[in-house]
file model.cif (mmCIF, C-alpha atoms and all ligand atoms)
data_upload
#
loop_
_atom_site.group_PDB
_atom_site.id
_atom_site.type_symbol
_atom_site.label_atom_id
_atom_site.label_comp_id
_atom_site.auth_asym_id
_atom_site.auth_seq_id
_atom_site.Cartn_x
_atom_site.Cartn_y
_atom_site.Cartn_z
ATOM 1 C CA MET A 443 -7.034 5.560 -9.101
ATOM 2 C CA PRO A 444 -6.402 5.629 -12.895
ATOM 3 C CA GLU A 445 -3.613 3.236 -13.791
ATOM 4 C CA ASN A 446 -1.252 5.942 -15.006
ATOM 5 C CA THR A 447 -1.500 8.114 -11.898
ATOM 6 C CA PRO A 448 1.588 7.362 -9.813
ATOM 7 C CA LEU A 449 1.031 5.724 -6.445
ATOM 8 C CA LEU A 450 4.448 6.777 -5.212
ATOM 9 C CA SER A 451 6.128 9.885 -6.504
ATOM 10 C CA VAL A 452 9.663 10.927 -5.612
ATOM 11 C CA ARG A 453 10.571 14.421 -6.797
ATOM 12 C CA ASP A 454 14.046 15.979 -6.716
ATOM 13 C CA LEU A 455 14.800 14.184 -3.462
ATOM 14 C CA LYS A 456 18.060 15.286 -1.898
ATOM 15 C CA LYS A 457 19.651 14.204 1.381
ATOM 16 C CA THR A 458 22.726 15.700 2.954
ATOM 17 C CA TYR A 459 23.866 14.404 6.347
ATOM 18 C CA GLN A 460 25.746 16.585 8.776
ATOM 19 C CA GLY A 461 28.772 14.338 9.385
ATOM 20 C CA ALA A 462 31.464 14.863 12.040
ATOM 21 C CA SER A 463 33.839 16.332 9.434
ATOM 22 C CA GLY A 464 31.296 18.313 7.441
ATOM 23 C CA PRO A 465 28.260 17.692 5.212
ATOM 24 C CA VAL A 466 27.921 14.302 3.442
ATOM 25 C CA GLU A 467 25.825 14.528 0.266
ATOM 26 C CA ALA A 468 24.254 11.057 0.246
ATOM 27 C CA ILE A 469 21.493 11.662 -2.328
ATOM 28 C CA GLY A 470 22.216 14.214 -5.054
ATOM 29 C CA SER A 471 18.774 14.326 -6.648
ATOM 30 C CA ILE A 472 16.379 11.441 -7.249
ATOM 31 C CA SER A 473 13.074 11.530 -9.118
ATOM 32 C CA PHE A 474 10.914 8.561 -10.118
ATOM 33 C CA ASP A 475 7.324 7.357 -10.053
ATOM 34 C CA VAL A 476 5.837 3.968 -9.200
ATOM 35 C CA ARG A 477 2.417 3.261 -10.686
ATOM 36 C CA PRO A 478 -0.194 1.110 -8.911
ATOM 37 C CA GLY A 479 0.470 -2.603 -9.356
ATOM 38 C CA GLU A 480 4.076 -2.235 -10.540
ATOM 39 C CA LEU A 481 6.963 -4.363 -9.297
ATOM 40 C CA VAL A 482 10.022 -2.115 -9.345
ATOM 41 C CA CYS A 483 13.521 -3.099 -8.244
ATOM 42 C CA ILE A 484 16.114 -0.591 -7.106
ATOM 43 C CA VAL A 485 19.721 -1.668 -7.492
ATOM 44 C CA GLY A 486 22.962 0.201 -6.881
ATOM 45 C CA PRO A 487 26.510 -0.207 -5.617
ATOM 46 C CA SER A 488 27.249 -0.487 -1.914
ATOM 47 C CA GLY A 489 27.046 2.857 -0.124
ATOM 48 C CA CYS A 490 25.067 4.456 -2.953
ATOM 49 C CA GLY A 491 22.285 5.623 -0.658
ATOM 50 C CA LYS A 492 19.688 2.824 -0.897
ATOM 51 C CA THR A 493 19.060 2.826 2.850
ATOM 52 C CA THR A 494 18.912 6.622 2.938
ATOM 53 C CA LEU A 495 16.401 6.597 0.087
ATOM 54 C CA LEU A 496 14.228 3.989 1.831
ATOM 55 C CA LYS A 497 14.272 5.923 5.095
ATOM 56 C CA CYS A 498 13.095 9.018 3.226
ATOM 57 C CA LEU A 499 10.419 7.027 1.338
ATOM 58 C CA SER A 500 9.068 5.506 4.536
ATOM 59 C CA GLY A 501 8.948 8.800 6.403
ATOM 60 C CA LEU A 502 11.674 7.872 8.897
ATOM 61 C CA LEU A 503 14.081 10.565 7.699
ATOM 62 C CA PRO A 504 13.181 14.032 6.412
ATOM 63 C CA PRO A 505 14.765 14.834 3.021
ATOM 64 C CA THR A 506 16.984 17.908 2.786
ATOM 65 C CA ALA A 507 15.012 18.985 -0.295
ATOM 66 C CA GLY A 508 12.373 17.548 -2.604
ATOM 67 C CA SER A 509 9.353 15.436 -1.751
ATOM 68 C CA VAL A 510 7.878 11.943 -1.485
ATOM 69 C CA THR A 511 4.170 11.597 -2.207
ATOM 70 C CA LEU A 512 2.135 8.440 -1.589
ATOM 71 C CA ASP A 513 -1.348 8.310 -3.062
ATOM 72 C CA GLY A 514 -1.401 12.093 -3.378
ATOM 73 C CA ALA A 515 -0.315 12.843 0.211
ATOM 74 C CA GLU A 516 3.177 14.031 1.121
ATOM 75 C CA VAL A 517 5.048 11.516 3.299
ATOM 76 C CA THR A 518 6.235 13.142 6.526
ATOM 77 C CA ALA A 519 5.844 10.139 8.902
ATOM 78 C CA PRO A 520 5.599 6.337 8.381
ATOM 79 C CA PRO A 521 2.558 5.999 6.084
ATOM 80 C CA LYS A 522 -0.259 3.615 7.029
ATOM 81 C CA LYS A 523 -0.498 2.525 3.393
ATOM 82 C CA MET A 524 3.079 1.192 3.345
ATOM 83 C CA ALA A 525 4.521 -2.022 4.791
ATOM 84 C CA VAL A 526 8.269 -2.612 4.928
ATOM 85 C CA VAL A 527 10.060 -5.990 5.027
ATOM 86 C CA PHE A 528 13.634 -5.719 6.277
ATOM 87 C CA GLN A 529 16.674 -7.926 5.794
ATOM 88 C CA GLU A 530 16.924 -8.874 9.452
ATOM 89 C CA TYR A 531 13.901 -11.115 9.888
ATOM 90 C CA GLY A 532 15.365 -12.366 13.175
ATOM 91 C CA ARG A 533 14.954 -8.929 14.687
ATOM 92 C CA SER A 534 11.644 -8.037 13.070
ATOM 93 C CA LEU A 535 9.622 -10.886 14.616
ATOM 94 C CA TYR A 536 8.801 -11.118 18.332
ATOM 95 C CA PRO A 537 10.177 -14.427 19.695
ATOM 96 C CA TRP A 538 7.604 -14.608 22.509
ATOM 97 C CA LEU A 539 4.629 -14.399 20.114
ATOM 98 C CA THR A 540 3.363 -17.254 17.944
ATOM 99 C CA VAL A 541 3.456 -16.887 14.178
ATOM 100 C CA ARG A 542 -0.295 -16.181 14.269
ATOM 101 C CA ASP A 543 0.158 -13.342 16.782
ATOM 102 C CA ASN A 544 3.216 -11.910 15.018
ATOM 103 C CA VAL A 545 1.327 -11.680 11.735
ATOM 104 C CA GLY A 546 -1.789 -10.326 13.436
ATOM 105 C CA LEU A 547 -0.020 -7.645 15.464
ATOM 106 C CA PRO A 548 -0.228 -4.732 12.978
ATOM 107 C CA LEU A 549 -3.912 -5.547 12.371
ATOM 108 C CA LYS A 550 -4.548 -5.551 16.121
ATOM 109 C CA ALA A 551 -2.808 -2.174 16.396
ATOM 110 C CA ARG A 552 -5.078 -0.926 13.627
ATOM 111 C CA GLY A 553 -8.151 -2.090 15.581
ATOM 112 C CA VAL A 554 -9.277 -4.842 13.193
ATOM 113 C CA PRO A 555 -11.842 -7.063 15.009
ATOM 114 C CA ARG A 556 -10.537 -10.450 16.193
ATOM 115 C CA ARG A 557 -12.511 -12.702 13.828
ATOM 116 C CA GLU A 558 -11.593 -10.614 10.763
ATOM 117 C CA ARG A 559 -7.993 -10.435 11.948
ATOM 118 C CA LEU A 560 -7.634 -14.188 12.347
ATOM 119 C CA ALA A 561 -9.109 -14.778 8.887
ATOM 120 C CA ALA A 562 -6.650 -12.289 7.330
ATOM 121 C CA VAL A 563 -3.718 -13.899 9.179
ATOM 122 C CA GLU A 564 -4.688 -17.390 7.993
ATOM 123 C CA ARG A 565 -5.091 -16.175 4.396
ATOM 124 C CA ALA A 566 -1.700 -14.425 4.420
ATOM 125 C CA LEU A 567 0.106 -17.426 5.921
ATOM 126 C CA ALA A 568 -1.526 -19.761 3.396
ATOM 127 C CA GLU A 569 -0.344 -17.409 0.621
ATOM 128 C CA VAL A 570 3.287 -17.812 1.737
ATOM 129 C CA GLY A 571 2.935 -21.582 2.243
ATOM 130 C CA LEU A 572 2.906 -21.494 6.051
ATOM 131 C CA GLY A 573 -0.717 -22.326 6.739
ATOM 132 C CA HIS A 574 0.494 -25.150 9.005
ATOM 133 C CA ALA A 575 2.734 -22.957 11.177
ATOM 134 C CA LEU A 576 0.152 -20.745 12.935
ATOM 135 C CA ASP A 577 0.934 -21.968 16.441
ATOM 136 C CA THR A 578 4.705 -22.214 16.184
ATOM 137 C CA TYR A 579 7.158 -19.597 17.444
ATOM 138 C CA PRO A 580 9.610 -17.809 15.097
ATOM 139 C CA TRP A 581 12.621 -19.460 16.739
ATOM 140 C CA GLN A 582 11.218 -22.868 15.803
ATOM 141 C CA LEU A 583 11.423 -21.953 12.097
ATOM 142 C CA SER A 584 14.305 -21.750 9.599
ATOM 143 C CA GLY A 585 15.570 -18.349 8.419
ATOM 144 C CA GLY A 586 13.690 -18.631 5.140
ATOM 145 C CA MET A 587 10.465 -19.542 6.946
ATOM 146 C CA GLN A 588 10.885 -16.586 9.302
ATOM 147 C CA GLN A 589 11.237 -14.289 6.317
ATOM 148 C CA ARG A 590 8.022 -15.825 4.907
ATOM 149 C CA VAL A 591 6.319 -14.909 8.183
ATOM 150 C CA ALA A 592 7.593 -11.326 7.826
ATOM 151 C CA ILE A 593 6.209 -11.228 4.265
ATOM 152 C CA ALA A 594 2.877 -12.665 5.459
ATOM 153 C CA ARG A 595 2.694 -9.977 8.147
ATOM 154 C CA ALA A 596 3.204 -7.271 5.518
ATOM 155 C CA VAL A 597 0.673 -8.868 3.156
ATOM 156 C CA ALA A 598 -1.996 -9.349 5.866
ATOM 157 C CA TYR A 599 -1.842 -5.624 6.523
ATOM 158 C CA GLU A 600 -3.013 -5.064 2.922
ATOM 159 C CA PRO A 601 -0.657 -2.188 2.195
ATOM 160 C CA GLU A 602 -0.943 -0.158 -0.974
ATOM 161 C CA ILE A 603 2.784 -0.511 -1.377
ATOM 162 C CA LEU A 604 5.096 -3.215 -0.095
ATOM 163 C CA VAL A 605 8.679 -2.024 0.300
ATOM 164 C CA MET A 606 11.357 -4.694 0.670
ATOM 165 C CA ASP A 607 14.847 -3.711 1.827
ATOM 166 C CA GLU A 608 17.346 -6.393 0.738
ATOM 167 C CA PRO A 609 15.034 -8.977 2.301
ATOM 168 C CA PHE A 610 16.891 -12.086 1.131
ATOM 169 C CA ALA A 611 20.490 -11.036 1.781
ATOM 170 C CA ALA A 612 20.757 -13.249 4.870
ATOM 171 C CA VAL A 613 19.397 -16.550 3.513
ATOM 172 C CA ASP A 614 21.061 -19.335 1.513
ATOM 173 C CA ALA A 615 20.896 -19.432 -2.295
ATOM 174 C CA GLN A 616 18.190 -22.109 -2.598
ATOM 175 C CA THR A 617 15.933 -20.397 -0.060
ATOM 176 C CA ARG A 618 16.567 -17.103 -1.787
ATOM 177 C CA ALA A 619 15.383 -18.507 -5.125
ATOM 178 C CA ASP A 620 12.202 -19.840 -3.461
ATOM 179 C CA LEU A 621 11.550 -16.478 -1.796
ATOM 180 C CA GLU A 622 12.041 -14.618 -5.090
ATOM 181 C CA ASP A 623 9.374 -16.813 -6.662
ATOM 182 C CA LEU A 624 7.179 -16.199 -3.634
ATOM 183 C CA VAL A 625 7.423 -12.409 -4.106
ATOM 184 C CA ARG A 626 6.413 -12.664 -7.758
ATOM 185 C CA ARG A 627 3.505 -14.964 -6.826
ATOM 186 C CA VAL A 628 2.283 -12.640 -4.056
ATOM 187 C CA TRP A 629 2.594 -9.703 -6.448
ATOM 188 C CA GLN A 630 0.594 -11.515 -9.139
ATOM 189 C CA ASP A 631 -2.019 -13.030 -6.789
ATOM 190 C CA LEU A 632 -2.706 -9.933 -4.720
ATOM 191 C CA GLY A 633 -1.950 -7.127 -7.166
ATOM 192 C CA VAL A 634 0.055 -5.260 -4.527
ATOM 193 C CA THR A 635 2.581 -2.625 -5.646
ATOM 194 C CA VAL A 636 6.121 -3.716 -4.764
ATOM 195 C CA LEU A 637 9.334 -1.709 -4.434
ATOM 196 C CA PHE A 638 12.222 -4.117 -3.926
ATOM 197 C CA VAL A 639 15.717 -2.900 -3.022
ATOM 198 C CA THR A 640 18.648 -5.210 -3.685
ATOM 199 C CA HIS A 641 22.352 -5.055 -4.455
ATOM 200 C CA ASP A 642 22.021 -8.294 -6.487
ATOM 201 C CA ILE A 643 21.892 -7.585 -10.234
ATOM 202 C CA ASP A 644 20.490 -11.005 -11.248
ATOM 203 C CA GLU A 645 17.809 -10.762 -8.589
ATOM 204 C CA SER A 646 16.726 -7.314 -9.787
ATOM 205 C CA VAL A 647 16.325 -8.543 -13.382
ATOM 206 C CA TYR A 648 14.629 -11.823 -12.428
ATOM 207 C CA LEU A 649 12.125 -10.125 -10.125
ATOM 208 C CA GLY A 650 11.433 -6.730 -11.584
ATOM 209 C CA GLU A 651 9.173 -5.421 -14.276
ATOM 210 C CA ARG A 652 11.378 -2.333 -14.096
ATOM 211 C CA VAL A 653 14.846 -1.776 -12.629
ATOM 212 C CA LEU A 654 15.994 1.595 -11.351
ATOM 213 C CA MET A 655 19.769 1.751 -11.255
ATOM 214 C CA LEU A 656 21.287 4.190 -8.828
ATOM 215 C CA SER A 657 24.634 5.896 -9.237
ATOM 216 C CA SER A 658 27.257 6.150 -6.515
ATOM 217 C CA SER A 659 26.766 8.808 -3.849
ATOM 218 C CA PRO A 660 25.669 11.630 -4.327
ATOM 219 C CA THR A 661 23.006 9.463 -5.875
ATOM 220 C CA VAL A 662 20.918 9.992 -8.979
ATOM 221 C CA VAL A 663 18.887 7.490 -11.028
ATOM 222 C CA GLN A 664 21.478 6.246 -13.502
ATOM 223 C CA GLN A 665 18.961 4.340 -15.630
ATOM 224 C CA ASP A 666 15.303 3.322 -15.519
ATOM 225 C CA LEU A 667 15.148 0.028 -17.422
ATOM 226 C CA ALA A 668 11.980 -1.835 -18.478
ATOM 227 C CA ILE A 669 12.362 -5.617 -17.995
ATOM 228 C CA ASP A 670 10.603 -7.122 -20.997
ATOM 229 C CA LEU A 671 10.780 -10.753 -19.868
ATOM 230 C CA PRO A 672 7.620 -12.913 -19.883
ATOM 231 C CA ALA A 673 5.436 -12.476 -16.780
ATOM 232 C CA ALA A 674 5.577 -16.199 -15.976
ATOM 233 C CA ARG A 675 9.139 -16.563 -14.705
ATOM 234 C CA ASP A 676 11.000 -19.651 -13.696
ATOM 235 C CA GLN A 677 14.394 -19.913 -12.048
ATOM 236 C CA LEU A 678 15.752 -22.255 -14.730
ATOM 237 C CA THR A 679 14.144 -21.196 -18.006
ATOM 238 C CA THR A 680 14.000 -17.419 -17.402
ATOM 239 C CA ARG A 681 17.612 -17.220 -16.253
ATOM 240 C CA ALA A 682 18.681 -19.256 -19.317
ATOM 241 C CA MET A 683 17.002 -16.851 -21.781
ATOM 242 C CA PRO A 684 19.306 -14.770 -24.003
ATOM 243 C CA ARG A 685 17.156 -11.724 -23.136
ATOM 244 C CA PHE A 686 17.807 -12.300 -19.416
ATOM 245 C CA THR A 687 21.543 -12.404 -20.085
ATOM 246 C CA ALA A 688 21.348 -9.224 -22.222
ATOM 247 C CA LEU A 689 19.430 -7.353 -19.492
ATOM 248 C CA ARG A 690 21.730 -8.462 -16.679
ATOM 249 C CA THR A 691 24.741 -7.414 -18.773
ATOM 250 C CA GLN A 692 23.160 -3.994 -19.266
ATOM 251 C CA VAL A 693 22.532 -3.585 -15.532
ATOM 252 C CA TYR A 694 26.009 -4.888 -14.676
ATOM 253 C CA GLU A 695 27.667 -2.412 -17.041
ATOM 254 C CA GLN A 696 25.674 0.477 -15.602
ATOM 255 C CA ILE A 697 26.601 -0.502 -12.039
ATOM 256 C CA GLN A 698 30.273 -0.651 -13.076
ATOM 257 C CA ARG A 699 29.919 2.844 -14.583
ATOM 258 C CA ALA A 700 28.246 3.994 -11.367
ATOM 259 C CA LYS A 701 31.184 2.645 -9.343
ATOM 260 C CA ARG A 702 33.584 4.581 -11.584
ATOM 261 C CA GLY A 703 31.479 7.688 -10.992
ATOM 262 C CA GLU A 704 30.282 7.949 -14.619
ATOM 263 C CA THR A 705 26.701 9.150 -14.758
ATOM 264 C CA VAL A 706 24.466 8.795 -17.783
ATOM 265 C CA ALA A 707 21.010 10.242 -18.390
ATOM 266 C CA ALA A 708 18.156 8.075 -17.105
ATOM 267 C CA THR A 709 16.463 6.349 -20.029
ATOM 268 C CA SER A 710 14.216 3.356 -20.445
HETATM 269 N N1 LIG A 801 23.855 9.211 9.646
HETATM 270 C C1 LIG A 801 24.770 9.460 8.703
HETATM 271 N N2 LIG A 801 25.657 10.467 8.848
HETATM 272 C C2 LIG A 801 26.571 10.752 7.897
HETATM 273 N N3 LIG A 801 26.689 10.067 6.735
HETATM 274 C C3 LIG A 801 25.840 9.046 6.529
HETATM 275 C C4 LIG A 801 24.844 8.679 7.503
HETATM 276 N N4 LIG A 801 24.136 7.611 7.013
HETATM 277 C C5 LIG A 801 24.670 7.327 5.804
HETATM 278 N N5 LIG A 801 25.689 8.178 5.504
HETATM 279 C C6 LIG A 801 26.482 8.194 4.261
HETATM 280 O O1 LIG A 801 25.589 8.334 3.157
HETATM 281 C C7 LIG A 801 25.988 7.502 2.058
HETATM 282 C C8 LIG A 801 24.862 6.540 1.687
HETATM 283 O O2 LIG A 801 24.678 5.595 2.759
HETATM 284 P P1 LIG A 801 23.525 4.466 2.747
HETATM 285 O O3 LIG A 801 23.657 3.698 4.009
HETATM 286 O O4 LIG A 801 22.223 5.099 2.449
HETATM 287 O O5 LIG A 801 23.984 3.575 1.487
HETATM 288 P P2 LIG A 801 23.530 2.077 1.055
HETATM 289 O O6 LIG A 801 23.423 2.099 -0.434
HETATM 290 O O7 LIG A 801 22.328 1.667 1.804
HETATM 291 O O8 LIG A 801 24.767 1.214 1.493
HETATM 292 P P3 LIG A 801 24.917 -0.407 1.618
HETATM 293 O O9 LIG A 801 24.456 -0.990 0.320
HETATM 294 O O10 LIG A 801 26.393 -0.593 1.837
HETATM 295 O O11 LIG A 801 24.087 -0.796 2.794
HETATM 296 C C9 LIG A 801 27.285 6.823 2.498
HETATM 297 O O12 LIG A 801 28.357 7.584 2.008
HETATM 298 C C10 LIG A 801 27.231 6.876 4.028
HETATM 299 O O13 LIG A 801 28.506 6.899 4.573
#

call {"tool": "encode", "arguments": {"input": "model.cif", "output": "structure tokens", "more": "lines below"}}
Ligand SMILES: Nc1ncnc2c1ncn2[C@@H]1O[C@H](COP(=O)(O)OP(=O)(O)OP(=O)(O)O)[C@@H](O)[C@H]1O
result
Amino acid sequence: MPENTPLLSVRDLKKTYQGASGPVEAIGSISFDVRPGELVCIVGPSGCGKTTLLKCLSGLLPPTAGSVTLDGAEVTAPPKKMAVVFQEYGRSLYPWLTVRDNVGLPLKARGVPRRERLAAVERALAEVGLGHALDTYPWQLSGGMQQRVAIARAVAYEPEILVMDEPFAAVDAQTRADLEDLVRRVWQDLGVTVLFVTHDIDESVYLGERVLMLSSSPTVVQQDLAIDLPAARDQLTTRAMPRFTALRTQVYEQIQRAKRGETVAATS
């Protein structure tokens, strides 16, 4: 695929729920593209429709209007080319399966032969620094390690796009910093396209090459901001850069505007 052809294309997406006391317009109208190999963060205030958007993107919820296209095909069911990592790692791993079997499960379901599957599982676990944990069970690991297993499972599947839904919201600050660096490393090493949803402004700027800021519900893209920080990022030096501070201030101000219900045109 040429580099400028979008991998994921969201066009005029609208979602209205039928609530008990009438229609709830969760998503007003959202349009954006993600090109192959990009790392895009989506950030917005609580209740702005991030979960609704992700459900529509991953084919779990039909939009009221508009479309989602992945690699040229309209998404109407969970796409094979997409892997999703959720916040609740504790519920996404099977406690009765070893780490090796948890990571290998989607490949088994896809019919990948055993030898090839085991090689892919070992590669993915080595990538997330858990090459030594193949035969352990999820409940023998810390929360951060379990989330690494969930990331390895997504990576082993070799998706065209890796969607992460607030994946680090439930871990402590130090683990979170390590996992952020892990996501950037996986993105750089494997060239996978990443769409990362977070409510954390600093995290969106530290991780992303682009940040899409959502307005309050009914949601639109408030701003599409290019993150022009150096590709090699480091928790101490990058976060201490004046440019980092300027970008986080810009995102913070937009989120505050979104909370007040002020919408501005999406610009980069
Ligand atoms: N099944 C539903 N029926 C009716 N309204 C809903 C339903 N699901 C979500 N909503 C409403 O749609 C809006 C967006 O909700 P959504 O959960 O997508 O936001 P969010 O950004 O993921 O929130 P948070 O960051 O707090 O998790 C909210 O006003 C919510 O109350």

call {"tool": "residues_near_ligand", "arguments": {"input": "model.cif", "ligand": "ligand LIG 801 (chain A)", "cutoff": "7 Å", "atoms": "only C-alpha atoms and all ligand atoms", "output": "NGL selection string"}}
result
:A and (459-461 or 466-468 or 486-495 or 641 or 659)

call {"tool": "resolve_selection", "arguments": {"input": "model.cif", "expression": "the PyMOL selection byres (((chain A and resi 481) around 12) and not hetatm)", "output": "number ranges by chain"}}
result
A: 475-480, 482-484, 603-606, 625-630, 633-639, 646-654, 668-669, 673

call {"tool": "resolve_selection", "arguments": {"input": "model.cif", "expression": "the PyMOL selection byres (((chain A and resi 560-574) around 7) and not hetatm)", "output": "number ranges by chain"}}
result
A: 542, 545-546, 556-559, 575-576, 590, 594, 597-598, 624

call {"tool": "write_last_selection", "arguments": {"input": "model.cif", "atoms": "C-alpha atoms", "output": "tab-separated table (two decimals), keeping the file's coordinate frame"}}
result
chain	number	residue	atom	x	y	z
A	542	ARG	CA	-0.30	-16.18	14.27
A	545	VAL	CA	1.33	-11.68	11.74
A	546	GLY	CA	-1.79	-10.33	13.44
A	556	ARG	CA	-10.54	-10.45	16.19
A	557	ARG	CA	-12.51	-12.70	13.83
A	558	GLU	CA	-11.59	-10.61	10.76
A	559	ARG	CA	-7.99	-10.44	11.95
A	575	ALA	CA	2.73	-22.96	11.18
A	576	LEU	CA	0.15	-20.74	12.94
A	590	ARG	CA	8.02	-15.82	4.91
A	594	ALA	CA	2.88	-12.66	5.46
A	597	VAL	CA	0.67	-8.87	3.16
A	598	ALA	CA	-2.00	-9.35	5.87
A	624	LEU	CA	7.18	-16.20	-3.63

call {"tool": "closest_residue", "arguments": {"input": "model.cif", "among": "A:Arg681, A:Arg618, A:Arg552, A:Arg595", "to": "Val527 of chain A", "atoms": "all atoms listed in the file"}}
result
A:Arg595

call {"tool": "resolve_selection", "arguments": {"input": "model.cif", "expression": "the PyMOL selection byres (((chain A and resi 530) around 12) and not hetatm)", "output": "PDB file with C-alpha atoms, keeping the file's coordinate frame"}}
result
ATOM      1  CA  VAL A 526       8.269  -2.612   4.928  1.00  0.00           C
ATOM      2  CA  VAL A 527      10.060  -5.990   5.027  1.00  0.00           C
ATOM      3  CA  PHE A 528      13.634  -5.719   6.277  1.00  0.00           C
ATOM      4  CA  GLN A 529      16.674  -7.926   5.794  1.00  0.00           C
ATOM      5  CA  TYR A 531      13.901 -11.115   9.888  1.00  0.00           C
ATOM      6  CA  GLY A 532      15.365 -12.366  13.175  1.00  0.00           C
ATOM      7  CA  ARG A 533      14.954  -8.929  14.687  1.00  0.00           C
ATOM      8  CA  SER A 534      11.644  -8.037  13.070  1.00  0.00           C
ATOM      9  CA  LEU A 535       9.622 -10.886  14.616  1.00  0.00           C
ATOM     10  CA  GLY A 585      15.570 -18.349   8.419  1.00  0.00           C
ATOM     11  CA  GLY A 586      13.690 -18.631   5.140  1.00  0.00           C
ATOM     12  CA  GLN A 588      10.885 -16.586   9.302  1.00  0.00           C
ATOM     13  CA  GLN A 589      11.237 -14.289   6.317  1.00  0.00           C
ATOM     14  CA  ALA A 592       7.593 -11.326   7.826  1.00  0.00           C
ATOM     15  CA  MET A 606      11.357  -4.694   0.670  1.00  0.00           C
ATOM     16  CA  ASP A 607      14.847  -3.711   1.827  1.00  0.00           C
ATOM     17  CA  GLU A 608      17.346  -6.393   0.738  1.00  0.00           C
ATOM     18  CA  PRO A 609      15.034  -8.977   2.301  1.00  0.00           C
ATOM     19  CA  PHE A 610      16.891 -12.086   1.131  1.00  0.00           C
ATOM     20  CA  ALA A 611      20.490 -11.036   1.781  1.00  0.00           C
ATOM     21  CA  ALA A 612      20.757 -13.249   4.870  1.00  0.00           C
ATOM     22  CA  VAL A 613      19.397 -16.550   3.513  1.00  0.00           C
TER      23      VAL A 613
END

call {"tool": "atom_distance", "arguments": {"input": "model.cif", "atom1": "atom CA of Lys701 of chain A", "atom2": "atom CA of Asp454 of chain A"}}
result
21.9 Å

call {"tool": "atom_distance", "arguments": {"input": "model.cif", "atom1": "atom CA of Gln692 of chain A", "atom2": "atom CA of Pro660 of chain A"}}
result
21.8 Å

call {"tool": "atom_distance", "arguments": {"input": "model.cif", "atom1": "atom CA of Gly553 of chain A", "atom2": "atom CA of Leu449 of chain A"}}
result
25.1 Å

call {"tool": "closest_residue", "arguments": {"input": "model.cif", "among": "A:Ser657, A:Gln677, A:Thr506, A:Thr578", "to": "Gln616 of chain A", "atoms": "only C-alpha atoms"}}
result
A:Gln677

call {"tool": "closest_residue", "arguments": {"input": "model.cif", "among": "A:Gly514, A:Gly508, A:Pro555, A:Pro601", "to": "Leu455 of chain A", "atoms": "all atoms listed in the file"}}
result
A:Gly508

call {"tool": "closest_residue", "arguments": {"input": "model.cif", "among": "A:Val541, A:Val510, A:Ala700, A:Leu689", "to": "Val662 of chain A", "atoms": "all atoms listed in the file"}}
result
A:Ala700

call {"tool": "closest_residue", "arguments": {"input": "model.cif", "among": "A:Met683, A:Ala619, A:Ile697, A:Met524", "to": "Val663 of chain A", "atoms": "all atoms listed in the file"}}
result
A:Ile697

call {"tool": "axis_aligned_box", "arguments": {"input": "model.cif", "around": "segment 656-673 of chain A", "padding_each_side": "4 Å", "output": "lines of an AutoDock Vina configuration file"}}
result
center_x = 16.3
center_y = -0.6
center_z = -12.4
size_x = 29.8
size_y = 32.5
size_z = 25.1

call {"tool": "closest_residue", "arguments": {"input": "model.cif", "among": "A:Gln696, A:Thr680, A:Ser471, A:Thr617", "to": "Met655 of chain A", "atoms": "only C-alpha atoms"}}
result
A:Gln696
